[in-house]
Structure formats: structure tokens, C-alpha cells
>>> print(open('protein_13.txt').read())   # compact mmCIF, C-alpha atoms and all ligand atoms
# COMPACT_ATOMS: atom_id res chain seq x y z
CA MET A 1 194.87 80.35 116.81
CA LYS A 2 194.45 78.78 120.24
CA LYS A 3 191.60 76.31 120.54
CA SER A 4 188.82 76.99 122.99
CA LYS A 5 188.24 74.56 125.83
CA ARG A 6 184.63 75.71 126.02
CA ALA A 7 182.13 73.13 124.76
CA ARG A 8 179.15 74.72 123.08
CA SER A 9 176.04 73.29 121.49
CA THR A 10 176.28 73.01 117.73
CA VAL A 11 172.62 72.15 117.22
CA ALA A 12 171.25 75.61 116.44
CA PRO A 13 171.77 79.24 117.42
CA ARG A 14 170.38 79.78 120.90
CA ASN A 15 168.56 82.96 119.92
CA MET A 16 166.96 81.57 116.74
CA ASP A 17 163.18 81.34 116.48
CA CYS A 18 162.06 77.71 116.75
CA SER A 19 160.04 78.04 113.56
CA LEU A 20 163.30 78.41 111.63
CA ARG A 21 164.88 75.16 112.82
CA ASP A 22 163.91 73.12 109.76
CA ALA A 23 165.18 75.85 107.45
CA PHE A 24 168.42 76.07 109.38
CA HIS A 25 168.82 72.32 109.14
CA THR A 26 168.45 72.62 105.36
CA LEU A 27 171.13 75.30 105.29
CA LYS A 28 173.46 73.08 107.31
CA THR A 29 173.12 70.17 104.91
CA LYS A 30 176.10 69.94 102.59
CA THR A 31 175.31 70.92 99.03
CA ILE A 32 177.29 71.84 95.94
CA PHE A 33 175.95 74.31 93.41
CA THR A 34 177.23 76.23 90.40
CA TYR A 35 177.61 79.92 89.69
CA ASP A 36 178.32 82.01 86.60
CA THR A 37 182.10 82.27 86.18
CA ALA A 38 181.64 84.82 83.40
CA ARG A 39 179.99 87.21 85.83
CA TYR A 40 182.22 86.18 88.72
CA PRO A 41 185.67 85.46 87.23
CA PHE A 42 187.36 84.62 90.53
CA ARG A 43 190.06 82.53 88.88
CA GLU A 44 191.14 85.31 86.56
CA THR A 45 191.02 87.89 89.35
CA VAL A 46 193.15 85.83 91.72
CA ALA A 47 195.57 84.85 88.96
CA ALA A 48 196.02 88.51 88.07
CA GLY A 49 196.85 89.21 91.71
CA LEU A 50 199.42 86.44 91.69
CA GLY A 51 200.80 87.61 88.37
CA VAL A 52 200.20 84.30 86.61
CA ASP A 53 198.12 83.00 83.74
CA PRO A 54 194.73 81.72 85.01
CA GLY A 55 195.26 78.42 83.24
CA THR A 56 198.45 77.73 85.13
CA LEU A 57 197.15 77.97 88.71
CA ALA A 58 196.85 74.21 89.12
CA THR A 59 200.36 73.59 87.85
CA LEU A 60 202.22 76.12 89.94
CA ASN A 61 204.02 74.37 92.74
CA HIS A 62 206.32 77.16 93.77
CA LEU A 63 203.64 79.26 95.44
CA PRO A 64 203.88 79.55 99.20
CA SER A 65 201.35 77.64 101.29
CA GLY A 66 198.98 79.73 103.31
CA LYS A 67 195.96 81.90 103.15
CA ASP A 68 197.24 85.28 102.06
CA LEU A 69 195.27 87.20 99.52
CA PRO A 70 197.12 88.25 96.39
CA ASP A 71 199.71 90.63 97.69
CA SER A 72 198.89 93.71 95.67
CA THR A 73 196.34 96.13 97.01
CA GLU A 74 194.79 96.58 93.59
CA ALA A 75 194.25 92.83 93.23
CA THR A 76 192.86 92.53 96.74
CA LEU A 77 190.39 95.33 96.12
CA ALA A 78 189.33 93.75 92.84
CA LEU A 79 188.74 90.41 94.55
CA LYS A 80 186.93 92.10 97.42
CA ALA A 81 184.57 93.93 95.04
CA LEU A 82 183.82 90.74 93.15
CA TYR A 83 183.32 88.86 96.38
CA ASP A 84 180.90 91.43 97.84
CA ASP A 85 178.92 91.34 94.62
CA PHE A 86 178.87 87.54 94.76
CA VAL A 87 177.66 87.41 98.36
CA CYS A 88 174.97 90.03 97.76
CA ASN A 89 173.64 88.62 94.49
CA VAL A 90 174.23 84.87 94.80
CA ILE A 91 174.76 83.80 98.39
CA ALA A 92 172.40 86.11 100.31
CA PRO A 93 169.40 85.50 98.02
CA GLN A 94 170.03 81.76 98.17
CA ILE A 95 170.13 81.75 101.96
CA ASP A 96 167.09 84.03 102.15
CA ALA A 97 165.12 81.65 99.92
CA ILE A 98 165.77 78.85 102.42
CA LEU A 99 165.65 80.78 105.67
CA PRO A 100 163.94 84.19 105.50
CA CYS A 101 166.59 86.60 106.71
CA GLY A 102 164.53 89.71 107.34
CA GLY A 103 166.71 91.63 104.96
CA THR A 104 169.99 91.03 106.76
CA VAL A 105 172.86 88.62 106.18
CA VAL A 106 176.14 88.81 108.07
CA TYR A 107 179.19 87.58 106.19
CA GLN A 108 182.94 87.36 106.46
CA SER A 109 184.43 90.68 105.33
CA LEU A 110 187.39 89.13 103.54
CA PRO A 111 187.43 85.52 102.34
CA CYS A 112 190.28 83.23 103.39
CA MET A 113 192.52 82.39 100.46
CA ARG A 114 194.12 78.94 100.49
CA ILE A 115 197.00 77.78 98.36
CA HIS A 116 198.03 74.15 98.82
CA PRO A 117 200.87 73.23 96.47
CA GLY A 118 201.34 69.74 95.15
CA ASN A 119 203.68 67.51 97.13
CA SER A 120 203.26 69.44 100.37
CA ALA A 121 202.01 68.73 103.87
CA ALA A 122 198.40 69.12 105.04
CA LEU A 123 197.20 72.62 105.84
CA GLY A 124 196.13 72.90 109.45
CA PRO A 125 194.65 70.37 111.86
CA ARG A 126 191.31 68.55 111.71
CA HIS A 127 188.78 70.79 113.42
CA LYS A 128 185.33 72.32 113.38
CA ASP A 129 185.02 76.08 113.42
CA SER A 130 183.27 76.09 116.80
CA ASP A 131 186.61 74.91 118.22
CA TYR A 132 187.67 78.49 117.55
CA GLU A 133 184.53 79.94 119.12
CA HIS A 134 182.69 80.74 115.90
CA GLN A 135 178.97 81.05 116.56
CA GLU A 136 176.38 78.33 115.92
CA GLY A 137 174.48 80.16 113.19
CA GLN A 138 177.47 80.30 110.88
CA ILE A 139 177.43 78.48 107.54
CA ASN A 140 180.57 77.79 105.45
CA PHE A 141 181.10 78.32 101.74
CA TRP A 142 184.09 76.90 99.86
CA LEU A 143 185.09 77.72 96.27
CA PRO A 144 187.91 75.98 94.42
CA LEU A 145 189.56 77.80 91.55
CA VAL A 146 190.94 74.53 90.15
CA THR A 147 189.62 70.98 89.89
CA VAL A 148 189.91 69.33 93.31
CA SER A 149 189.65 65.74 94.48
CA GLY A 150 191.58 63.13 96.46
CA PRO A 151 194.64 64.62 98.15
CA ASN A 152 194.22 68.21 97.00
CA THR A 153 190.81 68.96 98.47
CA LEU A 154 188.93 69.40 101.73
CA TYR A 155 187.45 66.48 103.67
CA VAL A 156 184.19 67.29 105.45
CA GLU A 157 182.30 65.30 108.06
CA THR A 158 178.98 64.05 106.69
CA GLY A 159 177.14 65.33 109.76
CA GLU A 160 177.88 66.64 113.23
CA GLY A 161 179.76 63.96 115.13
CA THR A 162 179.39 61.19 112.54
CA GLY A 163 183.14 60.73 112.24
CA VAL A 164 182.59 59.93 108.57
CA PHE A 165 184.31 62.17 106.06
CA GLU A 166 183.88 62.79 102.36
CA PRO A 167 186.18 64.75 100.05
CA LEU A 168 184.77 67.71 98.16
CA GLU A 169 185.04 66.63 94.52
CA MET A 170 184.56 69.84 92.60
CA ILE A 171 185.51 71.92 89.59
CA TYR A 172 185.93 75.64 89.08
CA GLY A 173 182.50 77.24 88.93
CA GLN A 174 181.10 75.24 91.84
CA VAL A 175 180.55 76.25 95.45
CA ALA A 176 180.18 73.95 98.45
CA ARG A 177 177.93 74.98 101.30
CA PHE A 178 178.34 73.05 104.55
CA TYR A 179 178.14 73.37 108.31
CA GLY A 180 181.79 73.74 109.16
CA ASN A 181 180.91 75.10 112.56
CA GLY A 182 179.73 71.70 113.73
CA CYS A 183 181.16 69.32 111.15
CA GLU A 184 184.86 68.62 111.35
CA HIS A 185 186.98 69.18 108.27
CA TYR A 186 190.62 68.77 107.32
CA THR A 187 193.08 68.47 104.49
CA VAL A 188 195.60 65.71 103.87
CA ALA A 189 199.11 65.92 102.47
CA ASN A 190 198.78 66.99 98.87
CA THR A 191 200.58 64.09 97.26
CA SER A 192 199.31 65.08 93.83
CA CYS A 193 201.06 67.42 91.46
CA VAL A 194 198.03 69.70 91.36
CA THR A 195 198.13 72.88 93.40
CA ARG A 196 194.83 73.55 95.13
CA VAL A 197 193.80 77.21 95.04
CA SER A 198 190.55 77.98 96.80
CA PHE A 199 188.88 80.49 99.03
CA ASP A 200 186.28 80.15 101.73
CA PHE A 201 184.06 82.34 103.84
CA ARG A 202 181.38 82.19 106.49
CA VAL A 203 177.87 83.60 106.55
CA VAL A 204 175.29 84.02 109.32
CA PRO A 205 171.63 84.61 108.39
CA GLY A 206 170.34 87.70 110.21
CA PRO A 207 167.83 85.82 112.41
CA CYS A 208 170.60 83.43 113.48
CA TYR A 209 173.15 86.07 114.40
CA ASP A 210 173.83 86.10 118.13
CA SER A 211 175.38 89.42 119.09
CA GLU A 212 175.88 88.18 122.64
CA HIS A 213 177.83 85.10 121.64
CA PRO A 214 181.29 85.07 123.27
CA SER A 215 182.86 85.07 119.81
CA CYS A 216 181.54 88.59 119.22
CA LYS A 217 184.45 89.89 121.28
CA LYS A 218 186.63 89.15 118.27
CA PHE A 219 184.22 88.26 115.43
CA PHE A 220 181.81 91.18 115.37
CA VAL A 221 180.05 93.23 112.72
CA GLY A 222 181.60 96.58 112.04
CA PRO A 223 184.23 98.56 110.23
CA THR A 224 187.54 96.76 109.74
CA SER A 225 186.14 93.75 111.57
CA TYR A 226 185.58 90.09 110.76
CA TYR A 227 181.97 90.44 109.62
CA ALA A 228 180.33 92.74 107.08
CA LEU A 229 176.67 93.20 106.43
CA ALA A 230 174.54 92.55 103.36
CA THR A 231 171.07 94.04 103.38
CA VAL A 232 168.13 94.11 101.07
CA PRO A 233 166.64 97.60 100.73
CA SER A 234 163.48 98.08 102.75
CA GLU A 235 161.62 99.03 99.58
CA THR A 236 162.16 95.51 98.29
CA GLN A 237 160.60 94.01 101.38
CA SER A 238 157.44 96.04 101.03
CA GLY A 239 155.81 93.33 98.96
CA ASP A 240 155.27 95.77 96.15
CA LYS A 241 156.08 93.96 92.88
CA GLU A 242 157.22 97.12 91.13
CA MET A 243 159.58 97.99 93.96
CA ARG A 244 160.99 94.47 94.05
CA GLU A 245 161.79 94.72 90.35
CA ARG A 246 163.28 98.15 90.83
CA TYR A 247 165.48 97.07 93.73
CA PRO A 248 166.16 93.40 93.05
CA SER A 249 169.48 92.98 94.77
CA TRP A 250 170.99 92.67 98.14
CA ARG A 251 173.49 95.38 98.85
CA PHE A 252 176.81 95.35 100.57
CA VAL A 253 176.73 97.97 103.31
CA PRO A 254 179.89 100.01 102.78
CA ARG A 255 181.75 100.72 105.92
CA THR A 256 181.04 104.42 105.70
CA ALA A 257 177.31 103.78 105.38
CA PHE A 258 177.47 101.22 108.14
CA GLU A 259 179.13 103.78 110.37
CA VAL A 260 176.36 106.26 109.71
CA LYS A 261 173.55 103.78 110.22
CA ASN A 262 174.95 102.02 113.24
CA ARG A 263 176.56 104.63 115.40
CA SER A 264 175.69 102.64 118.51
CA THR A 265 178.00 99.86 117.35
CA MET A 266 180.89 102.10 116.39
CA GLY A 267 182.55 102.27 119.76
CA LEU A 268 183.19 98.55 119.43
CA THR A 269 183.27 98.19 123.15
CA ARG A 270 181.75 95.11 124.70
CA LYS A 271 178.96 97.21 126.12
CA SER A 272 178.02 98.83 122.84
CA ARG A 273 178.08 95.52 120.99
CA ARG A 274 175.80 93.98 123.57
CA GLU A 275 173.32 96.75 122.94
CA LEU A 276 172.64 95.20 119.55
CA PRO A 277 169.44 93.16 119.85
CA ALA A 278 170.22 89.47 119.38
CA GLY A 279 169.11 88.12 116.04
CA ASN A 280 168.11 91.52 114.76
CA LEU A 281 170.58 93.55 112.78
CA LYS A 282 168.18 95.45 110.56
CA THR A 283 169.56 98.75 109.40
FE FE B 1 187.52 75.52 109.44
>>> encode(input="protein_13.txt", output="C-alpha cells")
Amino acid sequence: MKKSKRARSTVAPRNMDCSLRDAFHTLKTKTIFTYDTARYPFRETVAAGLGVDPGTLATLNHLPSGKDLPDSTEATLALKALYDDFVCNVIAPQIDAILPCGGTVVYQSLPCMRIHPGNSAALGPRHKDSDYEHQEGQINFWLPLVTVSGPNTLYVETGEGTGVFEPLEMIYGQVARFYGNGCEHYTVANTSCVTRVSFDFRVVPGPCYDSEHPSCKKFFVGPTSYYALATVPSETQSGDKEMRERYPSWRFVPRTAFEVKNRSTMGLTRKSRRELPAGNLKT
């Protein structure tokens, strides 16, 4: 993808309420946390799609480099279902606990799959995602399906513009959250014999989503587009304890439901997208 020559602020989304700046700063700070691999067996799901034993992912050096999802539709759908569940029940609640999202989280529809075989060149150039016009409110998540360190992992800048990089030293079952929009990141030649298999995705809290950002021409919310929507049912936001217990989860908005609820966005013309109020995607 061609890099943008446009220089944009990476401090905070321009449309975000000032009262959320501290919370956004917390979200941007790199952190690594764990999730339940029994409930979210990403390694097994991806291995099934590749037709290999889950325990052999890190030793397979004949896989092609790149970011293709497993090439069977069935496997892709299985991964997509697991991923939507994960975003709605792990990622969205976590973000909402830090930065109140008003019931709406925008997230990458399909995660990017990365396979970096041992003894192979680096994948892609050093960059920050804003180089590719991603919007300021976007937070990155990165999940390895094997143990990663040294030459078979991702190096992330410790802060915007610091020029200091640290490798993500992680095991399967951990997730890294970082501000890849403003912090540069890169891989090095994988001189190890361990194949790195990982996937990554990007999330924008509802109040940070800028529907008038130039990137919305290509990265917009809608059917078959880059972003999908996770919402928490309005009943849950009522403050009623019984209703919160009854509807505890965030929900992925299926494309059909999204189409029904957001007819004004369905034309996907620049005009109709601009009609979306900035920072407010409530359904
Ligand atoms: Fe990136």
C-alpha cells in the first residue's frame, strides 16, 4: 500500500471529548494481558484451517509468508466467529472499562493473519499505521499463536517518536495492546528456526471514531468493509442491575442487522458516510 505524504497529529482523535484524554492515553499505553485459550482456541482453529497439528505451527517452515487467512472458507468462517466473540466479550468490555464507549466499539472486520517462517526476511517496512492514513483513535491488538521473542516477533516503539523499540516477548494466550497508529513497529529477519504465526487487528472506541477522517474513504464501517461494529444492547446501559445481568455481553452487529439499522450508511458514498455524526455511532 502506498504511503501517505500527509502528516497528521497522532496525539488524540480530533473529535474526542477532552474529558476522555487521560483514558485514551491509558488505552495507548502498551500492555500485555492474558485470555482464556479454552474458550478462544485460536491456535487450534488456525491450525485446522492450515491442515496441520496445532503443536506443529512453530516448527513449520514451509508455509508461505504473508497475511492470508487459512484458505478454506469453512476455516475462515470459524476463525471469524471466534474472533467476533473475542472482540465482543473480551476486547470491547476491556476498552469500555477504560474509556466509556457509549455502547459502541468499531473494530477491524477481519484480522490480519501473519506467518513469518524461520530463516526468512523481515515482513514489511518499519512504519506506524498513520502512515497509511489510519485514524488517530485506533488501537492495535496483536496475538501470537506461538511463543515469540528475539527475531521472530514484532518490535514496537516505546512511545510516539521515542525511537526506542522493544520486542514483544509473549506466549500463546497473551494479547498485546499498543498504539500502532502513532508508535512505529517492524519485524526483523527471522533468523530463528521458529515460525511466527500471529494475527492482529485494530479497534476504535465509539467516542473516538471520526467518520470524517480522510481514511473513511477506504476504512469505513459497513457491510463488506474494513470496520465492523460491536454494540452493547441499550437495555444493558439502562443502569438496571437485572437487565445488565440478563444482557451481559457486547454483540457483534451482523451485516444484515447493520444494514437494517443504518440505512443511511448503506449507499457508502462519501456524502452518506459524512452524514454519520462524528464520534457517535450508536445504533
Ligand atoms: Fe502496522
>>> residues_near_point(input="protein_13.txt", point="(184.9, 74.4, 89.7)", cutoff="10 Å", atoms="all atoms listed in the file", output="PyMOL selection string")
chain A and resi 33-35+37+43+143-148+169-176+198
>>> closest_atom_pairs(input="protein_13.txt", of="chain A", to="ligand FE 1 (chain B)", cutoff="8 Å", atoms="all atoms listed in the file", output="Markdown table")
| residue | atom | partner | partner_atom | distance |
| --- | --- | --- | --- | --- |
| A:His127 | CA | B:FE1 | FE | 6.3 |
| A:Lys128 | CA | B:FE1 | FE | 5.5 |
| A:Asp129 | CA | B:FE1 | FE | 4.7 |
| A:Gly180 | CA | B:FE1 | FE | 6.0 |
| A:Asn181 | CA | B:FE1 | FE | 7.3 |
| A:Glu184 | CA | B:FE1 | FE | 7.6 |
| A:His185 | CA | B:FE1 | FE | 6.5 |
| A:Tyr186 | CA | B:FE1 | FE | 7.7 |
>>> closest_residue(input="protein_13.txt", among="A:Arg202, A:Lys217, A:Lys80, A:His25", to="Tyr107 of chain A", atoms="all atoms listed in the file")
A:Arg202
>>> atom_distance(input="protein_13.txt", atom1="atom CA of Pro13 of chain A", atom2="atom CA of Glu136 of chain A")
4.9 Å
>>> closest_residue(input="protein_13.txt", among="A:Leu79, A:Cys101, A:Val197, A:Val90", to="Gly55 of chain A", atoms="all atoms listed in the file")
A:Val197
>>> residues_around(input="protein_13.txt", residues="Thr29 of chain A", least_positions_apart="6", cutoff="10 Å", atoms="all atoms listed in the file", output="PyMOL selection string")
chain A and resi 139+158-159+177-179
>>> write_last_selection(input="protein_13.txt", atoms="C-alpha atoms", output="PDB file, in the coordinates of the input")
ATOM      1  CA  ILE A 139     177.430  78.480 107.540  1.00  0.00           C
ATOM      2  CA  THR A 158     178.980  64.050 106.690  1.00  0.00           C
ATOM      3  CA  GLY A 159     177.140  65.330 109.760  1.00  0.00           C
ATOM      4  CA  ARG A 177     177.930  74.980 101.300  1.00  0.00           C
ATOM      5  CA  PHE A 178     178.340  73.050 104.550  1.00  0.00           C
ATOM      6  CA  TYR A 179     178.140  73.370 108.310  1.00  0.00           C
TER       7      TYR A 179
END
>>> closest_residue(input="protein_13.txt", among="A:Ala189, A:Arg196, A:Pro41, A:Leu57", to="Gly124 of chain A", atoms="only C-alpha atoms")
A:Ala189
>>> closest_residue(input="protein_13.txt", among="A:Gly182, A:Gly102, A:Pro111, A:Pro93", to="Gln138 of chain A", atoms="all atoms listed in the file")
A:Gly182
>>> closest_residue(input="protein_13.txt", among="A:Asp131, A:Asp36, A:Glu212, A:Asp200", to="Cys183 of chain A", atoms="all atoms listed in the file")
A:Asp131
>>> closest_residue(input="protein_13.txt", among="A:Glu157, A:Pro54, A:Phe201, A:Ser149", to="Met113 of chain A", atoms="only C-alpha atoms")
A:Phe201
>>> residues_near_point(input="protein_13.txt", point="(203.9, 63.5, 97.5)", cutoff="8 Å", atoms="only C-alpha atoms", output="JSON, numbers by chain")
{"A": [118, 119, 120, 189, 190, 191, 192, 193]}
>>> residues_around(input="protein_13.txt", residues="Gly103 of chain A", least_positions_apart="2", cutoff="7 Å", atoms="all atoms listed in the file", output="ChimeraX atom specification")
/A:101,105,231-232,282
>>> write_last_selection(input="protein_13.txt", atoms="C-alpha atoms", output="tab-separated table (two decimals), in the coordinates of the input")
chain	number	residue	atom	x	y	z
A	101	CYS	CA	166.59	86.60	106.71
A	105	VAL	CA	172.86	88.62	106.18
A	231	THR	CA	171.07	94.04	103.38
A	232	VAL	CA	168.13	94.11	101.07
A	282	LYS	CA	168.18	95.45	110.56
>>> atom_distance(input="protein_13.txt", atom1="atom CA of Tyr83 of chain A", atom2="atom CA of Gln108 of chain A")
10.2 Å
>>> residues_around(input="protein_13.txt", residues="Pro205 of chain A", least_positions_apart="3", cutoff="8 Å", atoms="only C-alpha atoms", output="ChimeraX atom specification")
/A:95-96,99,101,104-106,137-138,208-209
>>> atom_distance(input="protein_13.txt", atom1="atom CA of Glu44 of chain A", atom2="atom CA of Tyr155 of chain A")
25.7 Å
>>> residues_around(input="protein_13.txt", residues="Asp22 of chain A", least_positions_apart="3", cutoff="12 Å", atoms="all atoms listed in the file", output="mmCIF file with C-alpha atoms, in the frame of the given file")
data_model
loop_
_atom_site.group_PDB
_atom_site.id
_atom_site.type_symbol
_atom_site.label_atom_id
_atom_site.label_comp_id
_atom_site.auth_asym_id
_atom_site.auth_seq_id
_atom_site.Cartn_x
_atom_site.Cartn_y
_atom_site.Cartn_z
ATOM 1 C CA VAL A 11 172.620 72.150 117.220
ATOM 2 C CA ALA A 12 171.250 75.610 116.440
ATOM 3 C CA MET A 16 166.960 81.570 116.740
ATOM 4 C CA ASP A 17 163.180 81.340 116.480
ATOM 5 C CA CYS A 18 162.060 77.710 116.750
ATOM 6 C CA SER A 19 160.040 78.040 113.560
ATOM 7 C CA HIS A 25 168.820 72.320 109.140
ATOM 8 C CA THR A 26 168.450 72.620 105.360
ATOM 9 C CA LEU A 27 171.130 75.300 105.290
ATOM 10 C CA LYS A 28 173.460 73.080 107.310
ATOM 11 C CA THR A 29 173.120 70.170 104.910
ATOM 12 C CA ILE A 98 165.770 78.850 102.420
ATOM 13 C CA LEU A 99 165.650 80.780 105.670
ATOM 14 C CA PRO A 100 163.940 84.190 105.500
#
